[in-house]
Amino acid sequence: MIEFRDVTKQYPDGTVAVDKLNLTVEAGTITVFVGPSGCGKTTSLRMVNRMIEATSGTILIDGKDIRDSEPALLRRGMGYVIQQAGLFPHRTVLDNVATVPLLSGWDKRKARARAAELLETVGLPAEMGRRYPVQLSGGQQQRVGVARALAADPPILLMDEPFSAVDPVVREDLQNELLRLQGELDKTIVFVTHDIDEAVRIGEKVAVFRKGGVLAQYGTPADVLRYPADEFVAGFVGRDRGYRGLSFLESSGISVDRVETAKLGKPRAETVADWVLVLDSDGHPCGWLPPGTSVDGSLTREPLVAGGSLYTTGTSLRGALDAALSSPASRGVVVDEDGKYVGVITARQVLDLIEGHPQAVSKT
Amino acid sequence: MNWLSRNIDAVLELTGYHLVIALLPVLFGLVISIPLGWVANRWPVARAILVPVAGIMYTIPSLVLFLILPPLLGTRVLDEINVIIALTIYTVALLVRSVADALAAVPPHVIAAADAMGYRPVRRFFGVELPLAVPVLVAGLRVATVSNISLTSVAAILGVPQLGSLFTDGFAVENYDEIVVAIILIFLLAMVFDGLLLLAGRLLTPWARAGRAVGAAK
Ligand SMILES: Nc1ncnc2c1ncn2[C@@H]1O[C@H](COP(=O)(O)OP(=O)(O)OP(=O)(O)O)[C@@H](O)[C@H]1O
Ligand SMILES: [Mg+2]
């Protein structure tokens, strides 16, 4: 547990970067600090490991004032990941990961064995351990950064925009990976980002900062989206916050319709009247056959119109609405966990479901 | 080249002296410029003083330095210590700026990461900052080494024995073989030590080569 008590940071030039911050980061949760550029997120984060000293106020970790610990030792007990990964260019990936264990006096063999284990944990092949950081992609470097932060198994992980420098697809991978890791490791994570989408995706709690280092709101992502504390928060979480809020509505009780389907490769000779969903031999959707298409002979992928996003049963209503809206046939394709076709759903059905939903805004 | 075979022992001995006089200052210069470079990188004021002063030191002609050092240090004119000190000064003058620049070039996020991992300052310097400065340092050392090997011969005018003595001697007795041998040997020594440093630099920084290969591929 990390407690900020009346923490203020004023830089020598007079800038107040953090103003009387009071906030408790619960143990074993991911708490996201989010806010526009310059609102004091990095400063708040770096005060936790004393890379920046607070001007006034107290920070407690499990009830203990951080000023009672020597900075170097305090930091070895907290993993830290930054945006550019900050890997040491002159050390191999393996030795980068082994940094904190080596600093803490482990012997080389043990530290490297631990590092190799962590590369696997973050999904990198063992051979990559012999490379130098320049020989990795940005996303891979970021994974190494996470592995390095985890090496000494610290209870706390501080992450400063760790995924903002990679492209959206890789970012989503890394976010999922972090959530999976957190499921196993149960760390206390403080995660800084300026991206509200990222904040509500990975945060169990979200702290929204405003300029001048003032905490504007602190709550669950669903609360922040649904009940923004003021105009600033409402503006920051954005115009489509209602839509984002759907992320927290589970779609229990969704009923799906059926639509005419056809199998890829099966012979067919006709002109289709309505949209026909085409499945491969395993039942995975491949695309839609538009009305008016004449098929003569076996069905190939060639006449198909690409489908919209797929909606997996049991996930949030945001996905269901998106599937319906992005489908060329105005019907979202619903699949099961293995990606097999289950049925279709219209936007109307999703909306009815949303309207009929009890005030279920708390994230489960 | 009969002259050489007759005088091989003397030539080898002079070569030995020459190397000691030329290379010890490289070592001393390195040891002195690392802390000075660190200071210059740490405090802007120090840099504003150290870097220009180093530049001026380097422009003092070697002969002048060889001659003014004895009265300053209270040494005898003939002492090779004067030459070693003079060349150390040149080496420091060359390296201080390199060290300061190399340290300044270490990316701030790498330093921040080192701090965040729990490095204490001294270990961070030797474990992270200095290794990253090695490519620039080696470049500076190569220049200093070649320049020292050639400057050492000037000390012959003071009568300090080394390969340069073959020039003065050769001119005095009009033995041009002697002069040619000296020129070739000095040239070879410069080439060999330059090459050795280049090689040592490569061996010390496999990561820099990996970086160049990636850069070339892009
Ligand atoms: N060393 C410093 N000296 C003076 N002012 C500083 C210093 N570091 C940061 N600031 C100022 O403090 C404020 C908060 O900075 P901080 O880096 O914590 O913001 P941030 O929320 O992390 O921003 P970003 O999203 O751009 O990273 C800013 O106004 C910044 O200009
Ligand atoms: Mg920041």
# chains A, B, ... in the order shown; residues from 1 in each chain; ligands from 1
>>> closest_atom_pairs(of="chain A", to="ligand 2", cutoff="10 Å", atoms="only C-alpha atoms and all ligand atoms", output="Markdown table")
| residue | atom | partner | partner_atom_place_in_ligand_line | distance |
| --- | --- | --- | --- | --- |
| A:Val34 | CA | ligand 2 | 1 (Mg) | 9.9 |
| A:Gly35 | CA | ligand 2 | 1 (Mg) | 9.7 |
| A:Pro36 | CA | ligand 2 | 1 (Mg) | 9.4 |
| A:Ser37 | CA | ligand 2 | 1 (Mg) | 7.0 |
| A:Gly38 | CA | ligand 2 | 1 (Mg) | 6.9 |
| A:Cys39 | CA | ligand 2 | 1 (Mg) | 8.3 |
| A:Gly40 | CA | ligand 2 | 1 (Mg) | 7.1 |
| A:Lys41 | CA | ligand 2 | 1 (Mg) | 5.7 |
| A:Thr42 | CA | ligand 2 | 1 (Mg) | 4.1 |
| A:Thr43 | CA | ligand 2 | 1 (Mg) | 7.2 |
| A:Ser44 | CA | ligand 2 | 1 (Mg) | 9.3 |
| A:Leu45 | CA | ligand 2 | 1 (Mg) | 8.8 |
| A:Arg46 | CA | ligand 2 | 1 (Mg) | 9.6 |
| A:Ile82 | CA | ligand 2 | 1 (Mg) | 9.4 |
| A:Gln83 | CA | ligand 2 | 1 (Mg) | 9.1 |
| A:Asp160 | CA | ligand 2 | 1 (Mg) | 6.7 |
| A:Glu161 | CA | ligand 2 | 1 (Mg) | 7.2 |
| A:Val192 | CA | ligand 2 | 1 (Mg) | 7.5 |
| A:Thr193 | CA | ligand 2 | 1 (Mg) | 7.9 |
| A:His194 | CA | ligand 2 | 1 (Mg) | 8.4 |
>>> interface_residues(of="chain B", to="chain A", cutoff="6 Å", atoms="only C-alpha atoms", output="list of chain:residue names")
B:His109, B:Val110, B:Ala113, B:Ala116, B:Met117, B:Gly118, B:Trp207, B:Gly211
>>> residues_around(residues="Asn2 in chain B", least_positions_apart="4", cutoff="9 Å", atoms="only C-alpha atoms", output="PyMOL selection string")
chain B and resi 6-7+177
>>> write_last_selection(atoms="N, CA, C and O atoms", output="PDB file, in the first residue's frame")
ATOM      1  N   ARG B   6      74.309  -3.711 -37.215  1.00  0.00           N
ATOM      2  CA  ARG B   6      75.429  -3.516 -36.281  1.00  0.00           C
ATOM      3  C   ARG B   6      74.963  -2.882 -34.965  1.00  0.00           C
ATOM      4  O   ARG B   6      75.548  -3.109 -33.925  1.00  0.00           O
ATOM      5  N   ASN B   7      73.898  -2.076 -35.069  1.00  0.00           N
ATOM      6  CA  ASN B   7      73.485  -1.332 -33.879  1.00  0.00           C
ATOM      7  C   ASN B   7      72.145  -1.780 -33.312  1.00  0.00           C
ATOM      8  O   ASN B   7      71.484  -1.038 -32.596  1.00  0.00           O
ATOM      9  N   ASP B 177      71.301   6.529 -42.981  1.00  0.00           N
ATOM     10  CA  ASP B 177      70.688   5.247 -42.602  1.00  0.00           C
ATOM     11  C   ASP B 177      70.028   5.380 -41.235  1.00  0.00           C
ATOM     12  O   ASP B 177      68.901   4.958 -41.000  1.00  0.00           O
TER      13      ASP B 177
END
>>> atom_distance(atom1="atom 28 (C, counted along the ligand's line) of ligand 1", atom2="CA of Ala216 in chain A")
16.4 Å
>>> residues_around(residues="range 86-101 of chain B", least_positions_apart="6", cutoff="7 Å", atoms="only C-alpha atoms", output="PyMOL selection string")
chain B and resi 25-26+28-30+32-34+36-38+40-41+51+54-55+57-58+65-66+136-137+140+144+148
>>> closest_residue(among="A:Val335, A:Leu289, A:Val350, A:Leu178", to="Val122 in chain A", atoms="only C-alpha atoms")
A:Leu178
>>> residues_around(residues="Gly283 in chain A", least_positions_apart="6", cutoff="9 Å", atoms="only C-alpha atoms", output="list of chain:residue names")
A:Lys263, A:Gly339, A:Lys340, A:Tyr341
>>> select_by_dssp(residues="range 54-244 of chain A", states="strand (DSSP E or B)", output="ChimeraX atom specification")
/A:56-61,64-65,78-82,156-160,188-193,205-210,214-219
>>> write_last_selection(atoms="C-alpha atoms", output="short mmCIF file (atom, residue, chain, number, x, y, z; two decimals), in the first residue's frame")
data_model
loop_
_atom_site.label_atom_id
_atom_site.label_comp_id
_atom_site.auth_asym_id
_atom_site.auth_seq_id
_atom_site.Cartn_x
_atom_site.Cartn_y
_atom_site.Cartn_z
CA SER A 56 6.32 18.76 1.95
CA GLY A 57 4.03 15.98 3.03
CA THR A 58 4.71 12.31 3.58
CA ILE A 59 4.70 9.19 1.47
CA LEU A 60 4.20 5.93 3.32
CA ILE A 61 4.76 2.45 2.02
CA LYS A 64 6.55 3.27 6.72
CA ASP A 65 7.86 6.72 5.77
CA MET A 78 10.50 -1.12 -6.56
CA GLY A 79 10.50 -1.99 -10.23
CA TYR A 80 10.58 0.99 -12.55
CA VAL A 81 9.71 1.06 -16.24
CA ILE A 82 9.99 4.16 -18.41
CA ILE A 156 5.80 -2.45 -6.13
CA LEU A 157 6.03 -1.59 -9.81
CA LEU A 158 6.20 2.01 -11.04
CA MET A 159 5.52 2.48 -14.73
CA ASP A 160 5.83 5.84 -16.49
CA THR A 188 1.06 -3.01 -6.40
CA ILE A 189 1.34 -1.12 -9.68
CA VAL A 190 1.28 2.61 -10.29
CA PHE A 191 0.94 3.23 -13.99
CA VAL A 192 1.24 6.68 -15.57
CA THR A 193 -0.35 7.52 -18.91
CA LYS A 205 -8.44 2.59 -9.92
CA VAL A 206 -7.88 5.75 -11.92
CA ALA A 207 -6.52 9.02 -10.54
CA VAL A 208 -7.23 11.93 -12.88
CA PHE A 209 -4.83 14.86 -12.45
CA ARG A 210 -5.38 18.38 -13.68
CA VAL A 214 -4.22 18.73 -8.40
CA LEU A 215 -6.02 15.42 -8.08
CA ALA A 216 -9.33 15.95 -9.85
CA GLN A 217 -10.92 12.56 -9.27
CA TYR A 218 -9.96 9.19 -7.90
CA GLY A 219 -12.16 6.17 -8.44
#
>>> select_by_dssp(residues="range 82-295 of chain A", states="alpha helix (DSSP H)", output="short mmCIF file (atom, residue, chain, number, x, y, z; two decimals) with N, CA, C and O atoms, in the first residue's frame")
data_model
loop_
_atom_site.label_atom_id
_atom_site.label_comp_id
_atom_site.auth_asym_id
_atom_site.auth_seq_id
_atom_site.Cartn_x
_atom_site.Cartn_y
_atom_site.Cartn_z
N VAL A 93 20.80 -8.16 -23.30
CA VAL A 93 19.45 -8.17 -22.77
C VAL A 93 19.41 -8.94 -21.45
O VAL A 93 18.83 -8.48 -20.45
N LEU A 94 20.10 -10.07 -21.41
CA LEU A 94 20.09 -10.88 -20.19
C LEU A 94 20.68 -10.10 -19.02
O LEU A 94 20.12 -10.08 -17.92
N ASP A 95 21.82 -9.45 -19.26
CA ASP A 95 22.45 -8.70 -18.17
C ASP A 95 21.65 -7.46 -17.79
O ASP A 95 21.66 -7.05 -16.63
N ASN A 96 20.94 -6.88 -18.75
CA ASN A 96 20.04 -5.80 -18.41
C ASN A 96 19.00 -6.28 -17.40
O ASN A 96 18.74 -5.62 -16.40
N VAL A 97 18.42 -7.43 -17.70
CA VAL A 97 17.37 -7.94 -16.82
C VAL A 97 17.95 -8.29 -15.45
O VAL A 97 17.29 -8.13 -14.42
N THR A 99 20.11 -6.75 -13.81
CA THR A 99 20.70 -5.58 -13.14
C THR A 99 20.45 -5.52 -11.63
O THR A 99 21.39 -5.46 -10.84
N VAL A 100 19.19 -5.52 -11.24
CA VAL A 100 18.90 -5.31 -9.82
C VAL A 100 19.39 -6.49 -8.96
O VAL A 100 20.01 -6.26 -7.92
N PRO A 101 19.16 -7.73 -9.38
CA PRO A 101 19.74 -8.83 -8.59
C PRO A 101 21.25 -8.68 -8.42
O PRO A 101 21.77 -8.88 -7.32
N LEU A 102 21.95 -8.28 -9.49
CA LEU A 102 23.41 -8.12 -9.37
C LEU A 102 23.76 -6.99 -8.40
O LEU A 102 24.66 -7.12 -7.58
N LEU A 103 23.00 -5.89 -8.49
CA LEU A 103 23.25 -4.78 -7.56
C LEU A 103 23.00 -5.22 -6.12
O LEU A 103 23.66 -4.76 -5.20
N LYS A 108 26.51 -14.11 -10.00
CA LYS A 108 26.21 -13.91 -11.42
C LYS A 108 25.34 -15.02 -12.01
O LYS A 108 24.41 -14.77 -12.76
N ARG A 109 25.68 -16.28 -11.63
CA ARG A 109 24.95 -17.41 -12.22
C ARG A 109 23.47 -17.36 -11.85
O ARG A 109 22.59 -17.51 -12.69
N LYS A 110 23.24 -17.11 -10.57
CA LYS A 110 21.87 -17.09 -10.08
C LYS A 110 21.09 -15.93 -10.71
O LYS A 110 19.94 -16.09 -11.13
N ALA A 111 21.76 -14.77 -10.79
CA ALA A 111 21.09 -13.59 -11.36
C ALA A 111 20.72 -13.83 -12.82
O ALA A 111 19.63 -13.48 -13.26
N ARG A 112 21.64 -14.47 -13.55
CA ARG A 112 21.36 -14.71 -14.97
C ARG A 112 20.27 -15.77 -15.15
O ARG A 112 19.46 -15.67 -16.07
N ALA A 113 20.27 -16.74 -14.28
CA ALA A 113 19.24 -17.77 -14.37
C ALA A 113 17.87 -17.13 -14.13
O ALA A 113 16.90 -17.39 -14.85
N ARG A 114 17.83 -16.25 -13.15
CA ARG A 114 16.59 -15.53 -12.85
C ARG A 114 16.17 -14.67 -14.05
O ARG A 114 15.00 -14.62 -14.43
N ALA A 115 17.17 -14.02 -14.67
CA ALA A 115 16.88 -13.15 -15.81
C ALA A 115 16.31 -13.97 -16.97
O ALA A 115 15.35 -13.56 -17.62
N ALA A 116 16.88 -15.16 -17.20
CA ALA A 116 16.42 -16.00 -18.30
C ALA A 116 14.96 -16.40 -18.06
O ALA A 116 14.13 -16.40 -18.98
N GLU A 117 14.67 -16.71 -16.80
CA GLU A 117 13.31 -17.10 -16.43
C GLU A 117 12.33 -15.95 -16.73
O GLU A 117 11.24 -16.15 -17.26
N LEU A 118 12.79 -14.71 -16.43
CA LEU A 118 11.91 -13.56 -16.63
C LEU A 118 11.68 -13.24 -18.10
O LEU A 118 10.60 -12.79 -18.48
N LEU A 119 12.71 -13.49 -18.94
CA LEU A 119 12.51 -13.26 -20.37
C LEU A 119 11.35 -14.11 -20.84
O LEU A 119 10.50 -13.68 -21.61
N GLU A 120 11.32 -15.34 -20.34
CA GLU A 120 10.24 -16.23 -20.72
C GLU A 120 8.91 -15.68 -20.20
O GLU A 120 7.91 -15.66 -20.91
N THR A 121 8.93 -15.22 -18.97
CA THR A 121 7.70 -14.67 -18.37
C THR A 121 7.10 -13.56 -19.23
O THR A 121 5.89 -13.46 -19.38
N GLY A 138 11.09 -1.84 -30.68
CA GLY A 138 10.62 -1.04 -29.56
C GLY A 138 9.76 -1.84 -28.58
O GLY A 138 9.93 -1.76 -27.37
N GLY A 139 8.87 -2.65 -29.13
CA GLY A 139 7.99 -3.45 -28.27
C GLY A 139 8.78 -4.47 -27.47
O GLY A 139 8.51 -4.70 -26.28
N GLN A 140 9.78 -5.08 -28.12
CA GLN A 140 10.61 -6.07 -27.41
C GLN A 140 11.42 -5.39 -26.32
O GLN A 140 11.56 -5.92 -25.21
N GLN A 141 11.94 -4.19 -26.62
CA GLN A 141 12.70 -3.46 -25.59
C GLN A 141 11.82 -3.18 -24.38
O GLN A 141 12.26 -3.28 -23.24
N GLN A 142 10.58 -2.83 -24.66
CA GLN A 142 9.66 -2.52 -23.58
C GLN A 142 9.42 -3.76 -22.71
O GLN A 142 9.34 -3.68 -21.49
N ARG A 143 9.32 -4.93 -23.36
CA ARG A 143 9.16 -6.17 -22.59
C ARG A 143 10.38 -6.42 -21.72
O ARG A 143 10.27 -6.84 -20.57
N VAL A 144 11.57 -6.15 -22.28
CA VAL A 144 12.78 -6.32 -21.49
C VAL A 144 12.75 -5.36 -20.30
O VAL A 144 13.12 -5.73 -19.18
N GLY A 145 12.27 -4.13 -20.56
CA GLY A 145 12.15 -3.16 -19.48
C GLY A 145 11.28 -3.69 -18.35
O GLY A 145 11.59 -3.54 -17.17
N VAL A 146 10.17 -4.33 -18.73
CA VAL A 146 9.27 -4.89 -17.71
C VAL A 146 9.97 -6.04 -16.98
O VAL A 146 9.92 -6.14 -15.75
N ALA A 147 10.66 -6.90 -17.75
CA ALA A 147 11.37 -8.03 -17.12
C ALA A 147 12.41 -7.51 -16.13
O ALA A 147 12.55 -8.03 -15.02
N ARG A 148 13.13 -6.45 -16.53
CA ARG A 148 14.16 -5.91 -15.65
C ARG A 148 13.55 -5.38 -14.36
O ARG A 148 14.10 -5.54 -13.28
N ALA A 149 12.38 -4.74 -14.50
CA ALA A 149 11.72 -4.18 -13.32
C ALA A 149 11.26 -5.29 -12.38
O ALA A 149 11.19 -5.09 -11.17
N LEU A 150 10.96 -6.45 -12.95
CA LEU A 150 10.43 -7.54 -12.12
C LEU A 150 11.51 -8.43 -11.53
O LEU A 150 11.23 -9.28 -10.69
N PRO A 168 -0.09 1.11 -31.90
CA PRO A 168 -1.30 0.71 -31.18
C PRO A 168 -1.48 -0.80 -31.04
O PRO A 168 -1.93 -1.28 -29.99
N VAL A 169 -1.09 -1.55 -32.07
CA VAL A 169 -1.28 -3.00 -32.00
C VAL A 169 -0.36 -3.60 -30.93
O VAL A 169 -0.79 -4.37 -30.07
N VAL A 170 0.91 -3.20 -30.99
CA VAL A 170 1.87 -3.69 -29.99
C VAL A 170 1.46 -3.22 -28.60
O VAL A 170 1.55 -3.96 -27.62
N ARG A 171 0.95 -1.98 -28.54
CA ARG A 171 0.55 -1.46 -27.24
C ARG A 171 -0.53 -2.34 -26.61
O ARG A 171 -0.47 -2.69 -25.44
N GLU A 172 -1.49 -2.72 -27.44
CA GLU A 172 -2.57 -3.54 -26.91
C GLU A 172 -2.04 -4.89 -26.42
O GLU A 172 -2.43 -5.38 -25.36
N ASP A 173 -1.09 -5.46 -27.19
CA ASP A 173 -0.44 -6.71 -26.76
C ASP A 173 0.20 -6.53 -25.39
O ASP A 173 0.05 -7.36 -24.49
N LEU A 174 0.95 -5.45 -25.27
CA LEU A 174 1.69 -5.22 -24.03
C LEU A 174 0.72 -5.00 -22.86
O LEU A 174 0.96 -5.48 -21.75
N GLN A 175 -0.37 -4.30 -23.14
CA GLN A 175 -1.35 -4.08 -22.08
C GLN A 175 -1.95 -5.41 -21.62
O GLN A 175 -2.05 -5.68 -20.41
N ASN A 176 -2.32 -6.24 -22.59
CA ASN A 176 -2.88 -7.53 -22.23
C ASN A 176 -1.89 -8.37 -21.44
O ASN A 176 -2.25 -9.03 -20.46
N GLU A 177 -0.63 -8.29 -21.89
CA GLU A 177 0.42 -9.04 -21.23
C GLU A 177 0.56 -8.59 -19.77
O GLU A 177 0.71 -9.38 -18.86
N LEU A 178 0.49 -7.27 -19.58
CA LEU A 178 0.62 -6.73 -18.23
C LEU A 178 -0.53 -7.22 -17.36
O LEU A 178 -0.33 -7.63 -16.21
N LEU A 179 -1.74 -7.21 -17.92
CA LEU A 179 -2.90 -7.66 -17.14
C LEU A 179 -2.75 -9.15 -16.80
O LEU A 179 -3.04 -9.56 -15.68
N ARG A 180 -2.25 -9.91 -17.76
CA ARG A 180 -2.05 -11.35 -17.51
C ARG A 180 -1.01 -11.54 -16.41
O ARG A 180 -1.22 -12.29 -15.45
N LEU A 181 0.12 -10.82 -16.55
CA LEU A 181 1.17 -10.91 -15.54
C LEU A 181 0.66 -10.54 -14.16
O LEU A 181 0.94 -11.21 -13.17
N GLN A 182 -0.10 -9.45 -14.13
CA GLN A 182 -0.62 -8.98 -12.85
C GLN A 182 -1.53 -10.03 -12.23
O GLN A 182 -1.55 -10.19 -11.01
N GLY A 183 -2.25 -10.76 -13.08
CA GLY A 183 -3.09 -11.84 -12.57
C GLY A 183 -2.26 -12.88 -11.82
O GLY A 183 -2.72 -13.46 -10.83
N GLU A 184 -1.02 -13.09 -12.28
CA GLU A 184 -0.17 -14.08 -11.62
C GLU A 184 0.62 -13.49 -10.46
O GLU A 184 0.86 -14.15 -9.46
N LEU A 185 1.07 -12.23 -10.64
CA LEU A 185 2.07 -11.70 -9.70
C LEU A 185 1.47 -10.90 -8.56
O LEU A 185 2.06 -10.82 -7.49
N ILE A 196 -6.52 8.22 -21.82
CA ILE A 196 -7.64 7.80 -20.98
C ILE A 196 -8.11 6.39 -21.34
O ILE A 196 -8.52 5.60 -20.49
N ASP A 197 -8.01 6.05 -22.63
CA ASP A 197 -8.39 4.69 -23.05
C ASP A 197 -7.53 3.65 -22.35
O ASP A 197 -8.02 2.64 -21.86
N GLU A 198 -6.22 3.92 -22.35
CA GLU A 198 -5.31 3.00 -21.69
C GLU A 198 -5.63 2.94 -20.20
O GLU A 198 -5.64 1.87 -19.58
N ALA A 199 -5.93 4.10 -19.62
CA ALA A 199 -6.22 4.16 -18.19
C ALA A 199 -7.41 3.29 -17.82
O ALA A 199 -7.35 2.51 -16.87
N VAL A 200 -8.51 3.42 -18.59
CA VAL A 200 -9.69 2.64 -18.19
C VAL A 200 -9.52 1.17 -18.56
O VAL A 200 -10.15 0.30 -17.97
N ARG A 201 -8.65 0.89 -19.51
CA ARG A 201 -8.42 -0.50 -19.90
C ARG A 201 -7.71 -1.28 -18.81
O ARG A 201 -8.06 -2.40 -18.49
N ILE A 202 -6.64 -0.68 -18.29
CA ILE A 202 -5.83 -1.48 -17.38
C ILE A 202 -5.99 -1.11 -15.92
O ILE A 202 -5.58 -1.87 -15.05
N PRO A 221 -12.56 3.05 -12.94
CA PRO A 221 -12.72 3.59 -14.29
C PRO A 221 -14.20 3.82 -14.61
O PRO A 221 -14.56 4.85 -15.20
N ALA A 222 -15.06 2.90 -14.20
CA ALA A 222 -16.48 3.04 -14.50
C ALA A 222 -17.04 4.31 -13.87
O ALA A 222 -17.79 5.05 -14.49
N ASP A 223 -16.65 4.58 -12.62
CA ASP A 223 -17.13 5.78 -11.94
C ASP A 223 -16.66 7.03 -12.64
O ASP A 223 -17.41 7.99 -12.80
N VAL A 224 -15.37 7.02 -13.02
CA VAL A 224 -14.81 8.22 -13.63
C VAL A 224 -15.52 8.51 -14.94
O VAL A 224 -15.83 9.66 -15.27
N LEU A 225 -15.84 7.46 -15.70
CA LEU A 225 -16.53 7.66 -16.98
C LEU A 225 -17.99 8.05 -16.76
O LEU A 225 -18.53 8.91 -17.44
N ARG A 226 -18.61 7.41 -15.80
CA ARG A 226 -20.04 7.59 -15.60
C ARG A 226 -20.36 8.84 -14.78
O ARG A 226 -21.29 9.54 -15.07
N GLU A 231 -16.37 19.43 -14.69
CA GLU A 231 -16.25 19.72 -16.11
C GLU A 231 -14.91 19.24 -16.68
O GLU A 231 -14.83 18.71 -17.77
N PHE A 232 -13.85 19.50 -15.89
CA PHE A 232 -12.53 19.13 -16.39
C PHE A 232 -12.44 17.63 -16.66
O PHE A 232 -12.01 17.20 -17.72
N VAL A 233 -12.87 16.84 -15.68
CA VAL A 233 -12.78 15.39 -15.84
C VAL A 233 -13.68 14.95 -17.01
O VAL A 233 -13.27 14.16 -17.86
N ALA A 234 -14.89 15.53 -17.06
CA ALA A 234 -15.81 15.17 -18.14
C ALA A 234 -15.16 15.47 -19.49
O ALA A 234 -15.21 14.66 -20.41
N GLY A 235 -14.52 16.64 -19.58
CA GLY A 235 -13.85 17.00 -20.83
C GLY A 235 -12.69 16.08 -21.12
O GLY A 235 -12.46 15.68 -22.26
N PHE A 236 -11.95 15.73 -20.07
CA PHE A 236 -10.75 14.92 -20.29
C PHE A 236 -11.09 13.49 -20.71
O PHE A 236 -10.45 12.94 -21.59
N VAL A 237 -12.11 12.91 -20.08
CA VAL A 237 -12.43 11.53 -20.46
C VAL A 237 -13.09 11.49 -21.83
O VAL A 237 -13.18 10.45 -22.45
N ARG A 241 -17.30 9.25 -23.76
CA ARG A 241 -17.14 8.52 -22.50
C ARG A 241 -18.30 7.57 -22.25
O ARG A 241 -18.14 6.52 -21.63
N GLY A 242 -19.50 7.96 -22.75
CA GLY A 242 -20.66 7.07 -22.58
C GLY A 242 -20.40 5.75 -23.29
O GLY A 242 -20.65 4.68 -22.74
N TYR A 243 -19.85 5.87 -24.47
CA TYR A 243 -19.54 4.69 -25.25
C TYR A 243 -18.46 3.85 -24.56
O TYR A 243 -18.56 2.64 -24.42
N ARG A 244 -17.42 4.56 -24.05
CA ARG A 244 -16.35 3.85 -23.35
C ARG A 244 -16.88 3.13 -22.12
O ARG A 244 -16.43 2.06 -21.77
N GLY A 245 -17.88 3.77 -21.49
CA GLY A 245 -18.45 3.19 -20.27
C GLY A 245 -19.05 1.81 -20.51
O GLY A 245 -19.16 1.00 -19.60
#
